[in-house]
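What follows is one structure encoded as structure tokens, with my remarks underneath.
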Amino acid sequence: MSEAIAVTGLKPWTDPNAVPFLKINNVTKKFGAFTSVNNVSLEIYKGEIFCLLGGSGCGKSTLLRMLSGFEDLTSGQIIIDGQDQAGIPPYKRPTNMMFQSYALFPHMTVEKNIAYGLKRDGLPRAEIATRVTDMLSLVQMGAFAARKPHQLSGGQRQRVALARALVKKPKLLLLDEPLGALDKKLREETQFELIKIQESLGVTFVVVTHDQQEAMTLSSRIGVMTAGKIVQVGTPREIYEYPQNRFVADFIGSVNIFEGRIAEDGESHVVVACPEAGLGIYVPHSIAGVIGQKVAVAVRPEKMQISKGDLGDLRNKLSGTIDEIAYMGDSSVYQIRLDSGKRVRVNQSNLFRSEESSLNYGDRVNLGWAGNAGIVVTS
Amino acid sequence: MSSLPLGSRIGSLLGRMGLKGRLLVIAIPTVWLLVFFLIPFLVVAKISFSEAAIARPPYLPIVEWIDGFFRVNLNFNNYLFLLEDPLYLAAYLGSVKIAGVATLIALLIGYPMAYLIARSPPDQRNLLLMLVVLPFWTSFLLRVYAWIGFLKGNGVINNLLMSIGIIDEPLVMLQTDFAVYVGIVYTYLPFMILPLYANLVKLDEAYLEASSDLGALPVTTFFTVTVPLSLSGIIAGCMLVFIPAVGEFVIPALLGGPDTLMIGQVLWNEFFSNRDWPVASSVAIVMLFVLVIPIMLLRWAQSAGEGESR
Ligand SMILES: Nc1ncnc2c1ncn2[C@@H]1O[C@H](COP(=O)(O)OP(=O)(O)OP(=O)(O)O)[C@@H](O)[C@H]1O
Ligand SMILES: [Mg+2]
């Protein structure tokens, strides 16, 4: 079996014979009457970086805490490496966790914090020392080895917490918002560092985050969660390009949603009659639906084009007025008001350096997108 | 003055008031310590350097003004006497030993209790704490007397043990060191539990989880994480038990036997039986210094604890 997906480019989840390393079967967690995690099933393969992505309070941490053994399951089953984890205490599980609150021991130095887990395994001193030193240099905290956690900045603490979880090279590493407190640059560096670590150690990662950018960069696959449920599992590309429902489409990136009813069901396409847009929207992938069924079409802002002139042979074309322009540097975001009053967001990359854009507030523009740009989502 | 802008005048006024307020805040405890600690201490220190006499008060003055001579008589014999007579050293050591052992026992009993209270559901904690301090609602003397009823030859415990046939004749418990330990531990246990509880209730469960996650057995977690993180509570509790226990008089007098030698009783005897106030005072002064060391330890632990809690 391949150790690291990113290296080999294999996609074990597409292989029907592959055995998942971590199986979560119908797991539910209730706190009193409140259901925090609701019937979640997941299969995660060895060497994956699997991101759990979702808004605050959707149950990500709770799911992670069940994996590491801090919370009992109300029902369901967790199998790690073929072993049912029921009744196995945290200290006997093949997992290590990086806590959302870091939970660094305040009475120990950075060095002692990192060495703690290795000492519990009874490793020889010399080996502990070298592994701790290696780990310190990996997270660039070598100069702070003798400091106590309260003498560190938030980002530094986070790196120590990461080092402490990594140093034991667990089979399954659970990271709860691992990079939240880092500034943008350090976060990006650390993301690539994490991927490198993952590739060199062959550890399986489950990463909790509410930052979709981070999930996109890091993960082999993403599980999108809301209200205790997994709503879609897929590669970053699948999640972005083919969101299965409105929540996912809306949560990952920004999206324009057009409500309508199926007007025509062709062999390789459907046409959704959409009064808001004032046209029948052509969508290539046919869906299993009946004529007249209520659906929504999602179109990403960067897949739309605007122009004062003719848009050529795009399948879907409408027109509107520019309401707002936001200059973002690499691109500009236009808010277009359609004749029906609906507002549409369009991203155009700024290919040329121009003092004055040719598009201005109040301009009447044509707006369009290719036939395969839109996707039908259910609500 | 009137040329100053209004804002800065108000500012300076507030500044002066703030300064006054701060002085006041510092002044109250300072006066309190001066009147109720420093002055009595100096009085006792003065008596400890004087000479005993059959008079009223029963000692001679240390400063005199006779015929134009100003004389200071500092009598160190009281202290030398403490060194000469092995009774005093034995009594000091006895007190420290009894107080030390009792503190250790109180810690061993109090820590699990404090831990359990801190880990029980929040709505039950206050009730449990109430139960811990409940004994304070009856007189201390009465409670110690009650222990006589428990421990004596035909007391509650002996009667119970004999009636169920574990022993044939009564155990001698009263008027032994054992009874003194029971009395001290019983009396001062709440002083151990309260600071420990206050400390343990703040202990973040995430530390324990992190330790467990990194492979530590619960016992290991207890000794490598829980205990070090509650160290300031342990030291505070131990001091609160140890310091009053060293000078304890009532408990050894009521429950202890002829062999129980504690400095509180010696002090009492010097004052009231021998009416040797100077020696009694020097005993008290030395005891104070015996206690200063643990108090310093306590302060050190507190400042260390503050440094720890971010
Ligand atoms: N011990 C608990 N008792 C009761 N409710 C809890 C408990 N732990 C979590 N919950 C609830 O379960 C839900 C999910 O919590 P969880 O911590 O898993 O959220 P999360 O997805 O990690 O959010 P965040 O991104 O803010 O960390 C929340 O509504 C929370 O209030
Ligand atoms: Mg969380």
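Following the order of the structure tokens, chains are lettered A, B, ..., residues in each are numbered from 1, and ligands are numbered from 1.
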
*Name the residues, by chain letter and number, that sit within 12 Å of ligand 1 using only C-alpha atoms and all ligand atoms, and give them as number ranges by chain.*
A: 28-38, 52-66, 70-72, 99-101, 175-178, 180, 207-211, 224-230; B: 205

*Write down as a PyMOL selection string the residues of stretch 48-182 of chain A whose backbone DSSP state falls under strand (DSSP E or B).*
chain A and resi 49-54+75-80+83-84+95-98+172-176

Can you spit out the residues from that selection as an mmCIF file, in the first residue's frame, using C-alpha atoms?
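See part-v6.cif below for the written result:
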data_model
loop_
_atom_site.group_PDB
_atom_site.id
_atom_site.type_symbol
_atom_site.label_atom_id
_atom_site.label_comp_id
_atom_site.auth_asym_id
_atom_site.auth_seq_id
_atom_site.Cartn_x
_atom_site.Cartn_y
_atom_site.Cartn_z
ATOM 1 C CA ILE A 49 -4.911 14.766 4.831
ATOM 2 C CA PHE A 50 -8.604 14.836 5.451
ATOM 3 C CA CYS A 51 -10.133 18.189 6.349
ATOM 4 C CA LEU A 52 -13.312 18.561 8.331
ATOM 5 C CA LEU A 53 -14.659 21.901 7.228
ATOM 6 C CA GLY A 54 -17.620 23.657 8.751
ATOM 7 C CA SER A 75 -23.999 5.356 19.080
ATOM 8 C CA GLY A 76 -21.898 4.149 16.196
ATOM 9 C CA GLN A 77 -18.433 2.758 15.795
ATOM 10 C CA ILE A 78 -14.912 4.019 15.188
ATOM 11 C CA ILE A 79 -12.363 1.676 13.637
ATOM 12 C CA ILE A 80 -8.728 2.720 13.362
ATOM 13 C CA GLN A 83 -9.315 -2.064 15.455
ATOM 14 C CA ASP A 84 -12.596 -1.060 17.016
ATOM 15 C CA THR A 95 -3.696 8.869 17.806
ATOM 16 C CA ASN A 96 -2.251 12.180 18.887
ATOM 17 C CA MET A 97 -4.185 15.360 19.018
ATOM 18 C CA MET A 98 -3.304 18.983 18.663
ATOM 19 C CA LEU A 172 -3.385 9.098 13.039
ATOM 20 C CA LEU A 173 -2.806 12.737 13.784
ATOM 21 C CA LEU A 174 -5.779 14.859 14.760
ATOM 22 C CA LEU A 175 -5.387 18.596 14.399
ATOM 23 C CA ASP A 176 -8.019 20.966 15.734
#

*asked:* Distance limit 10 Å, atoms considered: only C-alpha atoms. Which chain B residues sit that close to chain A? Return them as a PyMOL selection string.
replied: chain B and resi 204-218+220+224-225+228-229+305+307-310

Create the file for the chosen residues now, containing C-alpha atoms and written as a tab-separated table (two decimals), in the first residue's frame.
chain	number	residue	atom	x	y	z
B	204	ASP	CA	-8.02	23.14	33.01
B	205	GLU	CA	-9.18	19.65	32.07
B	206	ALA	CA	-7.47	20.07	28.70
B	207	TYR	CA	-4.08	19.56	30.39
B	208	LEU	CA	-5.21	16.21	31.72
B	209	GLU	CA	-6.58	15.26	28.32
B	210	ALA	CA	-3.37	16.32	26.61
B	211	SER	CA	-1.38	14.18	29.01
B	212	SER	CA	-3.63	11.20	28.44
B	213	ASP	CA	-3.48	11.76	24.69
B	214	LEU	CA	0.31	11.66	24.81
B	215	GLY	CA	0.19	8.24	26.38
B	216	ALA	CA	0.28	8.88	30.12
B	217	LEU	CA	-1.61	6.54	32.42
B	218	PRO	CA	-4.00	8.32	34.81
B	220	THR	CA	1.28	9.36	35.67
B	224	THR	CA	3.32	14.83	36.34
B	225	VAL	CA	0.51	17.28	35.63
B	228	PRO	CA	2.78	20.19	39.86
B	229	LEU	CA	-0.01	22.45	38.65
B	305	GLY	CA	2.12	30.36	41.34
B	307	GLY	CA	4.07	33.59	37.47
B	308	GLU	CA	2.69	30.29	36.24
B	309	SER	CA	-0.90	31.31	35.62
B	310	ARG	CA	-0.23	33.48	32.58

*Pick out the residues sitting within 7 Å of B:Met192, and hand them over as a ChimeraX atom specification; count only C-alpha atoms, and ignore anything fewer than 5 positions along from it in its own chain.*
/B:106-107,110,237-238,240-241

Write a file of the just-selected residues containing N, CA and C atoms, as a PDB file, in the first residue's frame.
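Output below, filename part-v5.pdb:
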ATOM      1  N   ALA B 106      -3.114  15.412  56.853  1.00  0.00           N
ATOM      2  CA  ALA B 106      -4.201  16.264  56.370  1.00  0.00           C
ATOM      3  C   ALA B 106      -4.122  16.415  54.855  1.00  0.00           C
ATOM      4  N   LEU B 107      -2.903  16.472  54.325  1.00  0.00           N
ATOM      5  CA  LEU B 107      -2.735  16.592  52.874  1.00  0.00           C
ATOM      6  C   LEU B 107      -3.227  15.332  52.175  1.00  0.00           C
ATOM      7  N   GLY B 110      -6.932  15.428  52.614  1.00  0.00           N
ATOM      8  CA  GLY B 110      -7.581  16.610  52.032  1.00  0.00           C
ATOM      9  C   GLY B 110      -7.486  16.668  50.520  1.00  0.00           C
ATOM     10  N   GLY B 237      -2.074  25.205  51.542  1.00  0.00           N
ATOM     11  CA  GLY B 237      -2.818  24.369  52.473  1.00  0.00           C
ATOM     12  C   GLY B 237      -1.932  23.863  53.596  1.00  0.00           C
ATOM     13  N   CYS B 238      -0.728  23.406  53.247  1.00  0.00           N
ATOM     14  CA  CYS B 238       0.187  22.868  54.253  1.00  0.00           C
ATOM     15  C   CYS B 238       0.579  23.948  55.263  1.00  0.00           C
ATOM     16  N   LEU B 240      -1.160  26.618  56.039  1.00  0.00           N
ATOM     17  CA  LEU B 240      -2.314  26.983  56.852  1.00  0.00           C
ATOM     18  C   LEU B 240      -2.577  25.943  57.931  1.00  0.00           C
ATOM     19  N   VAL B 241      -2.144  24.714  57.723  1.00  0.00           N
ATOM     20  CA  VAL B 241      -2.298  23.691  58.752  1.00  0.00           C
ATOM     21  C   VAL B 241      -1.083  23.699  59.680  1.00  0.00           C
TER      22      VAL B 241
END

*atom CA of B:Phe191 to atom CA of B:Asn158: how many Å, to one decimal?*
29.1 Å

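Near stretch 230-233 of chain B, within 7 Å and counting only C-alpha atoms, sit Pro195, Leu196, Asn199, Leu200, Thr226, Val227, Ala236, Gly237, Ala301, Gln302 and Gly305 of chain B; same-chain residues fewer than 3 positions away were not included.
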
_So that I can see what lies close to stretch 160-172 of chain B, please list as a PyMOL selection string the residues with an atom at most 12 Å from it, counting only C-alpha atoms and leaving out residues fewer than 4 positions away in the same chain._
chain B and resi 148+150-156+176-179+255-257

File dump, residues just selected, C-alpha atoms, as a PDB file, in the first residue's frame:
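Final file, part11.pdb:
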ATOM      1  CA  ILE B 148     -12.575  12.634  74.188  1.00  0.00           C
ATOM      2  CA  PHE B 150     -14.957   9.036  71.042  1.00  0.00           C
ATOM      3  CA  LEU B 151     -11.445   8.041  72.019  1.00  0.00           C
ATOM      4  CA  LYS B 152     -11.614   7.271  75.733  1.00  0.00           C
ATOM      5  CA  GLY B 153     -11.445   3.749  77.202  1.00  0.00           C
ATOM      6  CA  ASN B 154     -15.188   3.237  77.317  1.00  0.00           C
ATOM      7  CA  GLY B 155     -15.820   5.686  74.509  1.00  0.00           C
ATOM      8  CA  VAL B 156     -17.760   5.282  71.323  1.00  0.00           C
ATOM      9  CA  THR B 176      -1.497   9.512  73.335  1.00  0.00           C
ATOM     10  CA  ASP B 177       0.152  11.225  70.369  1.00  0.00           C
ATOM     11  CA  PHE B 178      -2.346   9.373  68.222  1.00  0.00           C
ATOM     12  CA  ALA B 179      -5.189  11.340  69.793  1.00  0.00           C
ATOM     13  CA  LEU B 255      -6.156  14.851  74.044  1.00  0.00           C
ATOM     14  CA  GLY B 256      -2.427  14.386  74.578  1.00  0.00           C
ATOM     15  CA  GLY B 257      -0.697  12.466  77.307  1.00  0.00           C
TER      16      GLY B 257
END

*Computed interatomic separation between atom CA of B:Asp276 and atom CA of B:Phe289 (Å)*: 20.6 Å

*Expected answer as a list in words: alpha helix (DSSP H) residues in stretch 230-265 of chain B*: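 Listing alpha helix (DSSP H) positions across stretch 230-265 of chain B yields Leu231, Ser232, Gly233, Ile234, Ile235, Ala236, Gly237, Cys238, Met239, Leu240, Val241, Phe242, Ile243, Pro244, Ala245, Val246, Val250, Ile251, Pro252, Ala253, Leu254, Leu255, Ile263, Gly264 and Gln265 of chain B.
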
Could you save those same residues with N, CA and C atoms as an mmCIF file, in the first residue's frame?
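Output file result-v1.cif is given in full below:
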data_model
loop_
_atom_site.group_PDB
_atom_site.id
_atom_site.type_symbol
_atom_site.label_atom_id
_atom_site.label_comp_id
_atom_site.auth_asym_id
_atom_site.auth_seq_id
_atom_site.Cartn_x
_atom_site.Cartn_y
_atom_site.Cartn_z
ATOM 1 N N LEU B 231 0.642 22.829 42.904
ATOM 2 C CA LEU B 231 1.677 22.955 43.931
ATOM 3 C C LEU B 231 1.450 24.162 44.838
ATOM 4 N N SER B 232 1.061 25.291 44.252
ATOM 5 C CA SER B 232 0.874 26.471 45.106
ATOM 6 C C SER B 232 -0.276 26.238 46.084
ATOM 7 N N GLY B 233 -1.304 25.507 45.647
ATOM 8 C CA GLY B 233 -2.400 25.161 46.552
ATOM 9 C C GLY B 233 -1.936 24.218 47.648
ATOM 10 N N ILE B 234 -1.084 23.257 47.278
ATOM 11 C CA ILE B 234 -0.571 22.308 48.268
ATOM 12 C C ILE B 234 0.230 23.060 49.323
ATOM 13 N N ILE B 235 1.109 23.963 48.880
ATOM 14 C CA ILE B 235 1.945 24.687 49.840
ATOM 15 C C ILE B 235 1.076 25.586 50.720
ATOM 16 N N ALA B 236 0.120 26.276 50.114
ATOM 17 C CA ALA B 236 -0.746 27.152 50.906
ATOM 18 C C ALA B 236 -1.499 26.342 51.956
ATOM 19 N N GLY B 237 -2.074 25.205 51.542
ATOM 20 C CA GLY B 237 -2.818 24.369 52.473
ATOM 21 C C GLY B 237 -1.932 23.863 53.596
ATOM 22 N N CYS B 238 -0.728 23.406 53.247
ATOM 23 C CA CYS B 238 0.187 22.868 54.253
ATOM 24 C C CYS B 238 0.579 23.948 55.263
ATOM 25 N N MET B 239 0.826 25.155 54.770
ATOM 26 C CA MET B 239 1.201 26.227 55.689
ATOM 27 C C MET B 239 0.041 26.580 56.612
ATOM 28 N N LEU B 240 -1.160 26.618 56.039
ATOM 29 C CA LEU B 240 -2.314 26.983 56.852
ATOM 30 C C LEU B 240 -2.577 25.943 57.931
ATOM 31 N N VAL B 241 -2.144 24.714 57.723
ATOM 32 C CA VAL B 241 -2.298 23.691 58.752
ATOM 33 C C VAL B 241 -1.083 23.699 59.680
ATOM 34 N N PHE B 242 0.092 23.758 59.064
ATOM 35 C CA PHE B 242 1.319 23.597 59.847
ATOM 36 C C PHE B 242 1.512 24.736 60.850
ATOM 37 N N ILE B 243 1.320 25.973 60.386
ATOM 38 C CA ILE B 243 1.644 27.114 61.249
ATOM 39 C C ILE B 243 0.812 27.136 62.532
ATOM 40 N N PRO B 244 -0.519 27.057 62.450
ATOM 41 C CA PRO B 244 -1.250 27.028 63.728
ATOM 42 C C PRO B 244 -1.005 25.741 64.518
ATOM 43 N N ALA B 245 -0.715 24.640 63.817
ATOM 44 C CA ALA B 245 -0.537 23.378 64.533
ATOM 45 C C ALA B 245 0.726 23.400 65.391
ATOM 46 N N VAL B 246 1.772 24.085 64.937
ATOM 47 C CA VAL B 246 3.010 24.130 65.725
ATOM 48 C C VAL B 246 2.746 24.741 67.097
ATOM 49 N N VAL B 250 -4.470 23.793 72.917
ATOM 50 C CA VAL B 250 -5.680 23.163 73.435
ATOM 51 C C VAL B 250 -5.712 21.663 73.120
ATOM 52 N N ILE B 251 -5.398 21.311 71.861
ATOM 53 C CA ILE B 251 -5.537 19.904 71.465
ATOM 54 C C ILE B 251 -4.595 18.991 72.247
ATOM 55 N N PRO B 252 -3.280 19.309 72.306
ATOM 56 C CA PRO B 252 -2.418 18.433 73.124
ATOM 57 C C PRO B 252 -2.794 18.460 74.598
ATOM 58 N N ALA B 253 -3.283 19.582 75.092
ATOM 59 C CA ALA B 253 -3.656 19.647 76.508
ATOM 60 C C ALA B 253 -4.834 18.735 76.806
ATOM 61 N N LEU B 254 -5.806 18.671 75.895
ATOM 62 C CA LEU B 254 -7.008 17.889 76.158
ATOM 63 C C LEU B 254 -6.863 16.431 75.732
ATOM 64 N N LEU B 255 -6.197 16.206 74.581
ATOM 65 C CA LEU B 255 -6.156 14.851 74.044
ATOM 66 C C LEU B 255 -4.819 14.163 74.287
ATOM 67 N N ILE B 263 5.354 22.900 72.153
ATOM 68 C CA ILE B 263 5.855 24.168 72.650
ATOM 69 C C ILE B 263 4.740 25.040 73.223
ATOM 70 N N GLY B 264 3.536 24.852 72.721
ATOM 71 C CA GLY B 264 2.409 25.632 73.233
ATOM 72 C C GLY B 264 2.187 25.390 74.715
ATOM 73 N N GLN B 265 2.309 24.101 75.103
ATOM 74 C CA GLN B 265 2.117 23.784 76.519
ATOM 75 C C GLN B 265 3.234 24.361 77.375
#

*Suppose you want the space between atom CA of A:Glu43 and atom CA of A:Pro20; what is it in Å?*
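Pair atom CA of A:Glu43 / atom CA of A:Pro20 returns 5.6 Å.
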
_At a cut-off of 9 Å, using only C-alpha atoms, what residues contact A:Gln335? Leave out same-chain residues fewer than 3 positions from it and give the result as a VMD selection string._
chain A and resid 321 to 326 343 to 346

_So that I can check the surroundings of B:Asn126, please list as a PyMOL selection string every protein, DNA and RNA residue that reaches within 12 Å of it, counting only C-alpha atoms and ignoring chain neighbours fewer than 5 positions away._
chain B and resi 117-118+120-121+131-134+194+197-198+201

Dump as a PDB file, in the first residue's frame, selection limited to C-alpha atoms:
ATOM      1  CA  ILE B 117     -15.240  18.438  45.098  1.00  0.00           C
ATOM      2  CA  ALA B 118     -13.517  20.309  42.276  1.00  0.00           C
ATOM      3  CA  SER B 120     -18.066  17.191  40.920  1.00  0.00           C
ATOM      4  CA  PRO B 121     -20.881  18.914  38.990  1.00  0.00           C
ATOM      5  CA  LEU B 131     -20.201  20.404  54.511  1.00  0.00           C
ATOM      6  CA  VAL B 132     -16.449  20.902  54.783  1.00  0.00           C
ATOM      7  CA  VAL B 133     -16.771  24.136  56.753  1.00  0.00           C
ATOM      8  CA  LEU B 134     -19.876  23.090  58.671  1.00  0.00           C
ATOM      9  CA  LEU B 194     -10.168  25.084  50.882  1.00  0.00           C
ATOM     10  CA  TYR B 197     -10.070  23.203  46.129  1.00  0.00           C
ATOM     11  CA  ALA B 198      -9.630  26.816  45.003  1.00  0.00           C
ATOM     12  CA  VAL B 201     -11.187  23.918  40.461  1.00  0.00           C
TER      13      VAL B 201
END
